[in-house]
file data08.txt (compact mmCIF, C-alpha atoms and all ligand atoms)
# COMPACT_ATOMS: atom_id res chain seq x y z
CA MET A 1 -3.94 -8.95 18.58
CA THR A 2 -6.53 -6.38 19.62
CA ARG A 3 -5.55 -2.86 18.96
CA PRO A 4 -6.88 0.01 21.09
CA VAL A 5 -9.22 2.36 19.22
CA LEU A 6 -7.35 5.61 18.59
CA LYS A 7 -9.25 8.87 18.71
CA LEU A 8 -8.19 10.90 15.67
CA LYS A 9 -9.22 14.41 14.69
CA ARG A 10 -10.42 14.85 11.11
CA VAL A 11 -9.37 17.77 8.92
CA GLN A 12 -13.00 18.88 8.63
CA ASP A 13 -13.18 19.16 12.45
CA ILE A 14 -10.48 21.79 12.78
CA ASN A 15 -10.91 25.51 12.37
CA ILE A 16 -9.02 26.26 9.19
CA THR A 17 -9.76 29.78 7.99
CA GLU A 18 -8.70 32.07 5.16
CA GLY A 19 -4.95 32.59 5.33
CA SER A 20 -4.20 29.61 7.65
CA THR A 21 -0.94 27.93 6.68
CA VAL A 22 -1.48 24.18 6.61
CA LEU A 23 1.37 21.69 6.44
CA VAL A 24 0.18 18.51 4.71
CA ARG A 25 2.17 15.24 4.62
CA VAL A 26 1.29 13.50 1.37
CA ASP A 27 2.52 10.30 -0.28
CA TYR A 28 3.90 11.47 -3.63
CA ASN A 29 6.36 8.60 -3.91
CA VAL A 30 5.26 8.25 -7.53
CA PRO A 31 6.91 6.20 -10.29
CA MET A 32 9.01 8.43 -12.57
CA LYS A 33 10.28 7.80 -16.09
CA ASP A 34 12.58 10.20 -17.97
CA GLY A 35 11.78 13.01 -15.53
CA LYS A 36 8.01 12.56 -15.94
CA VAL A 37 5.47 11.04 -13.57
CA SER A 38 4.44 7.73 -15.14
CA ASP A 39 1.49 7.12 -12.78
CA ASP A 40 -0.18 10.03 -10.98
CA THR A 41 -2.62 7.92 -8.89
CA ARG A 42 -1.01 8.93 -5.61
CA ILE A 43 -1.35 12.62 -6.46
CA ARG A 44 -4.98 12.21 -7.48
CA GLU A 45 -5.69 10.35 -4.21
CA THR A 46 -4.88 13.54 -2.25
CA GLU A 47 -7.20 15.68 -4.38
CA LYS A 48 -10.05 15.78 -1.88
CA THR A 49 -7.88 16.99 1.02
CA VAL A 50 -5.88 19.54 -0.98
CA LYS A 51 -8.95 20.94 -2.75
CA TYR A 52 -10.77 21.19 0.58
CA LEU A 53 -7.93 23.29 2.02
CA VAL A 54 -7.76 25.41 -1.13
CA SER A 55 -11.53 26.01 -0.89
CA LYS A 56 -10.94 27.31 2.65
CA LYS A 57 -8.40 29.73 1.13
CA ALA A 58 -5.60 28.25 3.22
CA LYS A 59 -1.95 28.32 2.15
CA VAL A 60 -1.18 24.66 1.48
CA VAL A 61 2.37 23.42 2.13
CA LEU A 62 2.88 19.89 0.84
CA ILE A 63 5.71 17.72 2.18
CA ALA A 64 6.59 14.30 0.78
CA HIS A 65 9.41 11.87 0.03
CA LEU A 66 10.47 10.27 -3.23
CA GLY A 67 12.56 7.10 -3.38
CA ARG A 68 15.56 6.52 -1.13
CA PRO A 69 18.11 9.32 -1.47
CA LYS A 70 19.58 8.19 1.88
CA GLY A 71 19.75 11.60 3.55
CA LYS A 72 21.62 13.32 0.70
CA VAL A 73 20.61 15.72 -2.05
CA ASP A 74 20.34 13.57 -5.17
CA PRO A 75 18.74 15.14 -8.30
CA LYS A 76 17.50 11.67 -9.28
CA TYR A 77 14.95 11.92 -6.48
CA THR A 78 13.78 15.51 -6.84
CA LEU A 79 10.06 16.20 -6.44
CA LYS A 80 10.27 19.22 -8.77
CA PRO A 81 8.69 17.46 -11.80
CA VAL A 82 5.68 16.59 -9.62
CA THR A 83 4.78 20.31 -9.28
CA GLU A 84 3.07 20.62 -12.67
CA TYR A 85 0.98 17.50 -12.00
CA VAL A 86 -0.17 18.89 -8.65
CA GLU A 87 -1.07 22.20 -10.30
CA LYS A 88 -3.07 20.46 -13.02
CA ILE A 89 -4.89 18.02 -10.74
CA MET A 90 -5.69 20.58 -8.02
CA GLY A 91 -6.47 23.32 -10.54
CA THR A 92 -4.55 25.82 -8.38
CA LYS A 93 -1.32 27.76 -8.78
CA THR A 94 1.43 25.54 -7.36
CA TYR A 95 5.00 26.57 -6.56
CA PHE A 96 8.04 24.50 -5.70
CA ALA A 97 10.38 25.13 -2.75
CA GLU A 98 13.96 23.92 -3.30
CA ASP A 99 14.09 22.66 0.29
CA CYS A 100 11.46 21.40 2.74
CA ILE A 101 12.91 23.52 5.58
CA GLY A 102 14.97 26.69 6.03
CA LYS A 103 15.41 29.85 3.98
CA ALA A 104 14.24 28.45 0.62
CA ARG A 105 10.90 27.42 2.07
CA GLU A 106 10.52 30.53 4.17
CA GLU A 107 11.00 32.76 1.09
CA ALA A 108 8.59 30.71 -1.01
CA LEU A 109 6.03 30.76 1.79
CA LYS A 110 6.27 34.56 2.09
CA ASN A 111 5.16 34.92 -1.54
CA LEU A 112 2.40 32.31 -1.35
CA LYS A 113 -1.11 33.76 -1.62
CA ASN A 114 -4.19 32.38 0.11
CA GLY A 115 -5.54 29.33 -1.73
CA GLU A 116 -2.20 28.54 -3.38
CA ILE A 117 0.01 25.49 -3.00
CA LEU A 118 3.68 25.09 -2.19
CA LEU A 119 5.23 21.68 -2.87
CA CYS A 120 8.49 21.19 -0.96
CA GLU A 121 11.56 19.25 -2.04
CA ASN A 122 12.13 15.64 -0.91
CA LEU A 123 12.03 15.24 2.90
CA ARG A 124 14.55 12.42 2.66
CA TYR A 125 17.30 14.74 1.40
CA HIS A 126 17.70 15.30 5.15
CA PRO A 127 18.98 12.34 7.20
CA GLU A 128 17.05 13.69 10.21
CA GLU A 129 13.69 12.86 8.61
CA GLU A 130 14.03 9.09 8.96
CA LYS A 131 15.50 9.50 12.47
CA ASN A 132 12.29 11.15 13.69
CA ASP A 133 14.46 14.09 14.73
CA GLU A 134 12.74 16.63 16.99
CA ASN A 135 14.55 19.71 15.68
CA PHE A 136 13.88 18.78 12.08
CA ALA A 137 10.21 18.34 12.95
CA LYS A 138 10.22 21.80 14.53
CA GLU A 139 11.71 23.22 11.33
CA LEU A 140 9.02 21.49 9.26
CA ALA A 141 6.35 23.05 11.46
CA ARG A 142 7.88 26.56 11.36
CA GLY A 143 5.54 29.20 9.98
CA CYS A 144 2.58 26.78 9.82
CA ASP A 145 -0.65 26.81 11.83
CA PHE A 146 -1.92 23.25 11.34
CA PHE A 147 -0.65 19.81 10.32
CA VAL A 148 -2.70 17.37 8.23
CA GLN A 149 -1.56 13.79 7.76
CA ASP A 150 -2.70 12.21 4.48
CA ALA A 151 0.22 9.93 3.62
CA PHE A 152 -1.18 6.52 4.49
CA GLY A 153 1.74 4.84 2.70
CA ALA A 154 4.18 6.43 5.17
CA ILE A 155 2.46 6.16 8.55
CA HIS A 156 3.86 2.74 9.43
CA ARG A 157 7.20 4.52 9.95
CA ALA A 158 8.05 6.86 12.83
CA HIS A 159 9.69 9.69 10.91
CA SER A 160 9.81 13.44 11.66
CA SER A 161 7.06 14.11 9.10
CA THR A 162 4.83 11.32 10.40
CA SER A 163 5.53 11.37 14.13
CA ALA A 164 7.55 14.19 15.76
CA VAL A 165 5.89 16.95 13.73
CA THR A 166 2.54 16.31 15.45
CA LYS A 167 4.01 17.67 18.73
CA HIS A 168 4.46 21.09 17.19
CA LEU A 169 1.13 21.74 15.46
CA PRO A 170 -2.56 20.97 16.01
CA SER A 171 -2.86 17.81 13.91
CA SER A 172 -5.59 15.99 12.05
CA ILE A 173 -6.11 13.38 9.33
CA GLY A 174 -7.00 14.11 5.72
CA PHE A 175 -9.76 12.56 3.62
CA LEU A 176 -7.53 9.88 2.05
CA LEU A 177 -6.38 8.64 5.44
CA GLN A 178 -9.99 8.65 6.65
CA LYS A 179 -11.01 6.48 3.69
CA GLU A 180 -8.09 4.09 4.20
CA LEU A 181 -8.97 3.63 7.87
CA GLU A 182 -12.68 3.23 7.18
CA TYR A 183 -12.08 0.33 4.77
CA LEU A 184 -9.29 -1.31 6.72
CA GLU A 185 -11.48 -1.22 9.85
CA LYS A 186 -14.15 -3.01 7.81
CA ILE A 187 -11.57 -5.70 7.06
CA MET A 188 -10.59 -5.92 10.72
CA SER A 189 -14.16 -6.21 11.98
CA ALA A 190 -15.24 -8.40 9.03
CA SER A 191 -18.86 -8.09 10.03
CA GLN A 192 -19.96 -9.39 6.60
CA ARG A 193 -19.20 -13.08 6.14
CA PRO A 194 -17.73 -15.17 4.63
CA PHE A 195 -14.38 -13.35 4.83
CA VAL A 196 -11.88 -14.54 2.21
CA ALA A 197 -8.26 -13.34 2.31
CA ILE A 198 -5.97 -13.82 -0.68
CA ILE A 199 -2.26 -13.59 0.01
CA GLY A 200 0.31 -14.01 -2.74
CA GLY A 201 3.68 -12.67 -3.82
CA ALA A 202 7.20 -13.87 -3.48
CA LYS A 203 8.09 -14.20 0.17
CA VAL A 204 6.54 -16.04 3.10
CA SER A 205 8.93 -14.17 5.38
CA ASP A 206 7.33 -10.79 4.54
CA LYS A 207 3.81 -12.01 5.21
CA ILE A 208 4.06 -14.56 8.01
CA THR A 209 2.62 -12.20 10.66
CA VAL A 210 -0.27 -11.10 8.47
CA LEU A 211 -1.10 -14.74 7.71
CA GLU A 212 -1.10 -15.55 11.43
CA SER A 213 -3.28 -12.58 12.24
CA LEU A 214 -5.72 -13.25 9.39
CA LEU A 215 -6.26 -16.78 10.68
CA ASP A 216 -8.02 -15.26 13.71
CA ARG A 217 -10.52 -13.52 11.46
CA VAL A 218 -11.07 -15.20 8.10
CA ASP A 219 -13.25 -18.08 6.96
CA VAL A 220 -11.06 -18.86 3.95
CA LEU A 221 -7.35 -18.14 3.43
CA ILE A 222 -6.12 -18.44 -0.16
CA ILE A 223 -2.35 -18.65 -0.60
CA GLY A 224 -0.88 -18.26 -4.09
CA GLY A 225 2.23 -16.94 -5.82
CA ALA A 226 5.69 -18.20 -4.98
CA MET A 227 4.75 -18.32 -1.28
CA ALA A 228 2.52 -21.28 -1.96
CA TYR A 229 5.48 -23.55 -2.84
CA THR A 230 6.91 -23.25 0.69
CA PHE A 231 3.50 -24.33 2.03
CA LEU A 232 3.32 -27.24 -0.42
CA LYS A 233 6.85 -28.35 0.46
CA ALA A 234 5.88 -28.20 4.15
CA GLN A 235 3.40 -30.97 3.30
CA ASP A 236 6.00 -32.99 1.37
CA VAL A 237 4.52 -32.10 -2.02
CA ASN A 238 7.15 -32.02 -4.79
CA ILE A 239 7.66 -28.47 -6.09
CA GLY A 240 10.42 -29.08 -8.67
CA LYS A 241 12.73 -26.09 -9.01
CA SER A 242 10.17 -23.50 -7.90
CA LEU A 243 11.08 -20.70 -5.52
CA VAL A 244 11.07 -21.90 -1.91
CA GLU A 245 12.15 -20.53 1.45
CA GLU A 246 13.61 -23.57 3.18
CA ASP A 247 13.99 -21.67 6.46
CA LYS A 248 10.27 -20.86 6.50
CA ILE A 249 9.01 -24.43 6.12
CA GLU A 250 8.54 -24.78 9.89
CA ASP A 251 6.59 -21.49 9.99
CA ALA A 252 4.43 -22.71 7.11
CA LYS A 253 3.68 -25.89 9.09
CA LYS A 254 2.60 -23.77 12.07
CA ILE A 255 0.28 -21.73 9.84
CA ILE A 256 -1.26 -24.91 8.43
CA LEU A 257 -1.84 -26.21 11.97
CA LYS A 258 -3.34 -22.92 13.14
CA ALA A 259 -5.72 -22.91 10.16
CA PHE A 260 -6.85 -26.40 11.12
CA LYS A 261 -7.33 -25.45 14.80
CA ASN A 262 -9.24 -22.26 13.90
CA ASN A 263 -11.42 -24.09 11.42
CA VAL A 264 -10.21 -21.88 8.59
CA GLU A 265 -10.33 -23.31 5.09
CA LEU A 266 -6.75 -22.97 3.82
CA LEU A 267 -6.57 -23.14 0.03
CA LEU A 268 -3.32 -23.80 -1.82
CA PRO A 269 -2.96 -24.20 -5.61
CA ALA A 270 -4.33 -27.49 -6.93
CA ASP A 271 -2.41 -27.16 -10.20
CA HIS A 272 0.24 -24.88 -11.69
CA LEU A 273 1.50 -23.31 -14.87
CA VAL A 274 5.13 -24.44 -15.12
CA VAL A 275 8.18 -23.70 -17.28
CA LYS A 276 11.74 -25.01 -17.48
CA GLU A 277 13.19 -21.53 -17.69
CA VAL A 278 11.66 -18.24 -16.51
CA LYS A 279 11.44 -16.21 -19.73
CA GLU A 280 8.57 -14.64 -21.62
CA ASP A 281 8.49 -17.09 -24.55
CA ALA A 282 9.19 -20.24 -22.50
CA LYS A 283 7.20 -23.36 -23.34
CA THR A 284 4.53 -23.77 -20.65
CA GLU A 285 2.84 -26.87 -19.24
CA LEU A 286 -0.06 -27.30 -16.89
CA THR A 287 0.52 -29.78 -14.05
CA GLN A 288 -2.00 -32.53 -13.41
CA SER A 289 -1.96 -32.07 -9.65
CA MET A 290 -0.54 -29.85 -6.91
CA ALA A 291 2.85 -31.52 -7.41
CA ILE A 292 5.43 -29.96 -9.75
CA PRO A 293 7.70 -32.44 -11.56
CA ASP A 294 11.52 -32.23 -11.12
CA GLU A 295 13.22 -29.67 -13.38
CA TRP A 296 10.03 -27.56 -13.69
CA ILE A 297 9.34 -24.14 -12.13
CA GLY A 298 5.91 -22.86 -11.05
CA VAL A 299 5.16 -19.41 -12.50
CA ASP A 300 1.39 -19.07 -12.08
CA ILE A 301 -1.61 -20.89 -10.64
CA GLY A 302 -3.24 -23.39 -13.03
CA SER A 303 -6.71 -23.27 -14.59
CA ARG A 304 -8.32 -25.67 -12.08
CA THR A 305 -6.96 -23.53 -9.25
CA ILE A 306 -8.33 -20.39 -10.92
CA SER A 307 -11.82 -21.97 -10.91
CA ILE A 308 -11.59 -23.11 -7.28
CA PHE A 309 -10.21 -19.78 -6.00
CA SER A 310 -12.65 -17.70 -8.11
CA GLU A 311 -15.64 -19.64 -6.84
CA LYS A 312 -14.59 -19.02 -3.22
CA ILE A 313 -13.98 -15.34 -3.91
CA MET A 314 -17.37 -14.92 -5.55
CA SER A 315 -19.13 -16.36 -2.50
CA ALA A 316 -17.31 -13.91 -0.18
CA LYS A 317 -18.80 -10.85 1.51
CA THR A 318 -15.47 -9.47 2.78
CA ILE A 319 -12.25 -9.73 0.73
CA PHE A 320 -8.69 -8.68 1.49
CA TRP A 321 -6.05 -9.23 -1.20
CA ASN A 322 -2.32 -8.61 -1.12
CA GLY A 323 0.19 -10.08 -3.58
CA PRO A 324 0.01 -11.61 -7.08
CA MET A 325 -0.65 -15.28 -7.88
CA GLY A 326 2.29 -15.63 -10.26
CA ILE A 327 5.03 -13.73 -12.09
CA PHE A 328 2.33 -11.40 -13.40
CA GLU A 329 4.86 -8.90 -14.82
CA MET A 330 5.23 -11.35 -17.74
CA PRO A 331 1.91 -11.47 -19.62
CA ALA A 332 2.28 -15.22 -20.25
CA PHE A 333 2.24 -15.84 -16.48
CA SER A 334 -0.35 -13.26 -15.45
CA ASN A 335 -3.57 -15.17 -16.13
CA GLY A 336 -4.12 -16.39 -12.55
CA THR A 337 -3.77 -12.91 -11.06
CA VAL A 338 -5.90 -11.31 -13.79
CA GLU A 339 -8.72 -13.86 -13.40
CA LEU A 340 -8.80 -13.45 -9.62
CA ALA A 341 -9.04 -9.67 -10.07
CA LYS A 342 -12.12 -10.24 -12.24
CA ALA A 343 -13.60 -12.53 -9.56
CA VAL A 344 -13.02 -9.86 -6.89
CA ALA A 345 -14.79 -7.28 -9.11
CA LYS A 346 -17.77 -9.64 -9.55
CA ALA A 347 -17.97 -10.31 -5.80
CA THR A 348 -17.90 -6.55 -5.16
CA LYS A 349 -20.72 -6.03 -7.64
CA ASN A 350 -22.68 -8.61 -5.64
CA GLY A 351 -22.22 -6.63 -2.43
CA ALA A 352 -18.86 -7.74 -1.03
CA VAL A 353 -16.47 -5.28 0.62
CA SER A 354 -13.11 -5.70 -1.13
CA VAL A 355 -9.83 -4.10 -0.12
CA LEU A 356 -6.69 -4.51 -2.20
CA GLY A 357 -3.22 -3.53 -1.06
CA GLY A 358 0.32 -3.54 -2.38
CA GLY A 359 1.77 -1.97 -5.52
CA ASP A 360 1.93 -5.31 -7.33
CA THR A 361 -1.70 -6.14 -6.60
CA LEU A 362 -2.80 -2.75 -7.93
CA ASN A 363 -0.66 -3.14 -11.07
CA ALA A 364 -2.21 -6.53 -11.58
CA LEU A 365 -5.66 -4.99 -11.25
CA LYS A 366 -4.79 -2.53 -14.01
CA LYS A 367 -3.59 -5.37 -16.27
CA SER A 368 -6.83 -7.26 -15.74
CA GLY A 369 -8.88 -4.40 -17.13
CA VAL A 370 -10.78 -4.13 -13.83
CA LYS A 371 -11.20 -0.46 -12.91
CA PRO A 372 -10.26 0.66 -9.37
CA GLU A 373 -13.88 1.71 -8.81
CA GLU A 374 -15.01 -1.89 -9.42
CA VAL A 375 -13.47 -2.87 -6.05
CA SER A 376 -14.37 -1.17 -2.76
CA HIS A 377 -10.95 0.22 -1.96
CA CYS A 378 -7.40 0.11 -3.34
CA SER A 379 -5.09 0.92 -0.46
CA THR A 380 -2.32 3.38 -1.30
CA GLY A 381 0.03 1.76 1.23
CA GLY A 382 1.10 -1.85 0.73
CA GLY A 383 3.30 -2.09 3.83
CA ALA A 384 1.03 0.08 5.95
CA SER A 385 -2.12 -1.89 5.06
CA LEU A 386 -0.39 -5.18 5.89
CA GLU A 387 0.81 -3.85 9.24
CA PHE A 388 -2.66 -2.50 10.00
CA VAL A 389 -4.26 -5.86 9.25
CA GLU A 390 -1.58 -7.54 11.39
CA GLY A 391 -3.11 -5.58 14.28
CA LYS A 392 -0.09 -3.34 14.84
CA ILE A 393 -0.42 0.22 16.03
CA LEU A 394 1.02 2.34 13.23
CA PRO A 395 3.42 4.93 14.70
CA GLY A 396 2.08 7.72 12.48
CA LEU A 397 -1.45 7.10 13.78
CA GLU A 398 -0.37 6.78 17.39
CA ALA A 399 1.34 10.16 17.11
CA LEU A 400 -1.92 11.72 15.90
CA ALA A 401 -4.11 10.21 18.61
CA GLU A 402 -5.75 12.72 20.93
P1 LIG B 1 5.55 -9.41 -3.01
O1 LIG B 1 6.38 -8.16 -3.08
O2 LIG B 1 5.95 -10.32 -1.90
O3 LIG B 1 4.06 -9.12 -3.05
O4 LIG B 1 5.89 -10.23 -4.31
C1 LIG B 1 5.59 -9.81 -5.59
C2 LIG B 1 6.43 -10.57 -6.55
O5 LIG B 1 6.18 -11.96 -6.43
C3 LIG B 1 6.17 -10.21 -8.00
O6 LIG B 1 7.28 -9.51 -8.51
C4 LIG B 1 5.99 -11.57 -8.67
O7 LIG B 1 6.69 -11.69 -9.89
C5 LIG B 1 6.56 -12.53 -7.65
N1 LIG B 1 6.01 -13.89 -7.81
C6 LIG B 1 4.74 -14.27 -7.75
N2 LIG B 1 4.61 -15.58 -8.04
C7 LIG B 1 5.85 -16.03 -8.31
C8 LIG B 1 6.38 -17.31 -8.69
N3 LIG B 1 5.59 -18.35 -8.89
N4 LIG B 1 7.73 -17.40 -8.86
C9 LIG B 1 8.53 -16.32 -8.68
N5 LIG B 1 8.09 -15.11 -8.33
C10 LIG B 1 6.76 -14.95 -8.15
call {"tool": "encode", "arguments": {"input": "data08.txt", "output": "structure tokens"}}
result
Amino acid sequence: MTRPVLKLKRVQDINITEGSTVLVRVDYNVPMKDGKVSDDTRIRETEKTVKYLVSKKAKVVLIAHLGRPKGKVDPKYTLKPVTEYVEKIMGTKTYFAEDCIGKAREEALKNLKNGEILLCENLRYHPEEEKNDENFAKELARGCDFFVQDAFGAIHRAHSSTSAVTKHLPSSIGFLLQKELEYLEKIMSASQRPFVAIIGGAKVSDKITVLESLLDRVDVLIIGGAMAYTFLKAQDVNIGKSLVEEDKIEDAKKIILKAFKNNVELLLPADHLVVKEVKEDAKTELTQSMAIPDEWIGVDIGSRTISIFSEKIMSAKTIFWNGPMGIFEMPAFSNGTVELAKAVAKATKNGAVSVLGGGDTLNALKKSGVKPEEVSHCSTGGGASLEFVEGKILPGLEALAE
């Protein structure tokens, strides 16, 4: 699918001056534990945009969602604890508004001084947000002069804060969104070859369209994780009791055929780490071939597969990776994913452009000891990056187009 090029205004191209009130959609859907933020990556990713606005002495109004409160006020999903992290990271006085619209925000905004930040309560406490409601969008825009979109992880949805709001304010994209688009465009144009895509994770059904789309662009497509068993079964290879999506076997066959027609090298695991029961201390075996004996369950790619996949990755000049190679949450089954992360880091050091997407892939990167700066770009939006690579027009970007 060829997507039209959208003309987007950048935050640095608009005339923000001292005292401008700027509404910024950020992705602060951060993991929380016992009322504390357990990973502040998503907050740090917005640092450049927020600090830029603060340096312009604007009043910065941050709007975001957290979890799925389903349109109701639910203290479990309050953004209040995030305030102190924003203040620390941005190095600027940050206040919290008990609601993202209405009186509470209006009052808080009245007291906000130039160069200060106001973080607003969860957008999704209002059912209108996910309905892309016009009036709610108007309320979000009230009292503001500009809108900046920097929530890449949310722009594949047409919500009030990603779509309708752009009708009410001059809108532009922040530095994080600019970086996301720059790297994902590099993946789409894949001007540096060979282009190797690595797709793993649990479900073929979630990734069938991205696989199809990638086959029009890549030289090598590596499929690992539980998804691989559906592809092996499609070729009548025994997969024991491993996870399989019977209703996706026909789709897997079509992908295999398309790879053949497009002259794409499709790599599936050549061996597997298997167990009889999925538990941390289970006795593991390595299979001798791509077949998994009856009664056994595949939990990771095997050592021969690691060598084959790593070698391909290290010869790549463009790399896109989404989804782990095994049940990486359990250290005993994380080796395949960890070793591929190291291979991606080595390829990047040798000049490859590497883009990683999806929360699991990024967690796996952390486990491998590879630092985020050792790959070209870690996308903050798993779903959004997949949809972008599928060639779809993301509603939140379309709304921003001039
Ligand atoms: P996804 O959200 O589709 O990227 O899938 C990520 C999930 O796939 C992780 O929670 C992994 O534990 C799971 N996964 C990867 N490989 C396997 C496997 N061999 N068997 C079961 N689950 C797996």
call {"tool": "atom_distance", "arguments": {"input": "data08.txt", "atom1": "atom CA of Leu109 of chain A", "atom2": "atom CA of Val61 of chain A"}}
result
8.2 Å
call {"tool": "atom_distance", "arguments": {"input": "data08.txt", "atom1": "atom CA of Leu221 of chain A", "atom2": "atom CA of Leu266 of chain A"}}
result
4.9 Å
call {"tool": "residues_around", "arguments": {"input": "data08.txt", "residues": "segment 195-199 of chain A", "least_positions_apart": "5", "cutoff": "6 Å", "atoms": "only C-alpha atoms", "output": "count of residues only"}}
result
13
call {"tool": "residues_near_ligand", "arguments": {"input": "data08.txt", "ligand": "ligand LIG 1 (chain B)", "cutoff": "9 Å", "atoms": "only C-alpha atoms and all ligand atoms", "output": "ChimeraX atom specification"}}
result
/A:199-207,224-229,242-244,272-274,278,297-301,322-330,333,358-361,382
call {"tool": "atom_distance", "arguments": {"input": "data08.txt", "atom1": "atom CA of Ala270 of chain A", "atom2": "atom CA of Thr287 of chain A"}}
result
8.9 Å
call {"tool": "closest_residue", "arguments": {"input": "data08.txt", "among": "A:Val355, A:Leu232, A:Ala58, A:Ala347", "to": "Glu246 of chain A", "atoms": "only C-alpha atoms"}}
result
A:Leu232
call {"tool": "closest_residue", "arguments": {"input": "data08.txt", "among": "A:Glu398, A:Glu180, A:Glu245, A:Glu265", "to": "Ala151 of chain A", "atoms": "all atoms listed in the file"}}
result
A:Glu180
call {"tool": "closest_residue", "arguments": {"input": "data08.txt", "among": "A:Leu267, A:Leu118, A:Leu214, A:Val24", "to": "Lys80 of chain A", "atoms": "all atoms listed in the file"}}
result
A:Leu118
call {"tool": "closest_residue", "arguments": {"input": "data08.txt", "among": "A:Ile292, A:Asp40, A:His159, A:Lys56", "to": "Asp133 of chain A", "atoms": "all atoms listed in the file"}}
result
A:His159
call {"tool": "closest_residue", "arguments": {"input": "data08.txt", "among": "A:Arg217, A:His168, A:Lys76, A:Arg25", "to": "Ser189 of chain A", "atoms": "all atoms listed in the file"}}
result
A:Arg217
call {"tool": "residues_around", "arguments": {"input": "data08.txt", "residues": "Phe146 of chain A", "least_positions_apart": "3", "cutoff": "12 Å", "atoms": "all atoms listed in the file", "output": "PyMOL selection string"}}
result
chain A and resi 9-11+14-17+19-25+53+58-61+140-143+149+165-174
call {"tool": "residues_around", "arguments": {"input": "data08.txt", "residues": "Ile208 of chain A", "least_positions_apart": "6", "cutoff": "9 Å", "atoms": "all atoms listed in the file", "output": "JSON list (two decimals) with C-alpha atoms, keeping the file's coordinate frame"}}
result
[["chain", "number", "residue", "atom", "x", "y", "z"],
["A", 248, "LYS", "CA", 10.27, -20.86, 6.50],
["A", 251, "ASP", "CA", 6.59, -21.49, 9.99],
["A", 252, "ALA", "CA", 4.43, -22.71, 7.11],
["A", 255, "ILE", "CA", 0.28, -21.73, 9.84]]
call {"tool": "closest_residue", "arguments": {"input": "data08.txt", "among": "A:Thr348, A:Leu397, A:Gln192, A:Ala282", "to": "Leu8 of chain A", "atoms": "all atoms listed in the file"}}
result
A:Leu397
call {"tool": "residues_around", "arguments": {"input": "data08.txt", "residues": "Lys36 of chain A", "least_positions_apart": "5", "cutoff": "9 Å", "atoms": "all atoms listed in the file", "output": "list in words"}}
result
Pro31, Pro81 and Val82 of chain A
call {"tool": "write_last_selection", "arguments": {"input": "data08.txt", "atoms": "C-alpha atoms", "output": "PDB file, keeping the file's coordinate frame"}}
result
ATOM      1  CA  PRO A  31       6.910   6.200 -10.290  1.00  0.00           C
ATOM      2  CA  PRO A  81       8.690  17.460 -11.800  1.00  0.00           C
ATOM      3  CA  VAL A  82       5.680  16.590  -9.620  1.00  0.00           C
TER       4      VAL A  82
END
call {"tool": "residues_around", "arguments": {"input": "data08.txt", "residues": "Lys342 of chain A", "least_positions_apart": "5", "cutoff": "12 Å", "atoms": "all atoms listed in the file", "output": "list of chain:residue names"}}
result
A:Ile306, A:Ser307, A:Phe309, A:Ser310, A:Glu311, A:Ile313, A:Met314, A:Asn335, A:Gly336, A:Thr337, A:Ala347, A:Thr348, A:Lys349, A:Ala364, A:Leu365, A:Lys366, A:Lys367, A:Ser368, A:Gly369, A:Val370, A:Lys371, A:Pro372, A:Glu374, A:Val375
call {"tool": "residues_near_point", "arguments": {"input": "data08.txt", "point": "(-0.1, 6.4, 12.8)", "cutoff": "8 Å", "atoms": "only C-alpha atoms", "output": "number ranges by chain"}}
result
A: 155-156, 162-163, 393-400
call {"tool": "axis_aligned_box", "arguments": {"input": "data08.txt", "around": "segment 114-118 of chain A", "padding_each_side": "8 Å", "output": "JSON"}}
result
{"center_x": -0.9, "center_y": 28.7, "center_z": -1.6, "size_x": 25.2, "size_y": 23.3, "size_z": 19.5}
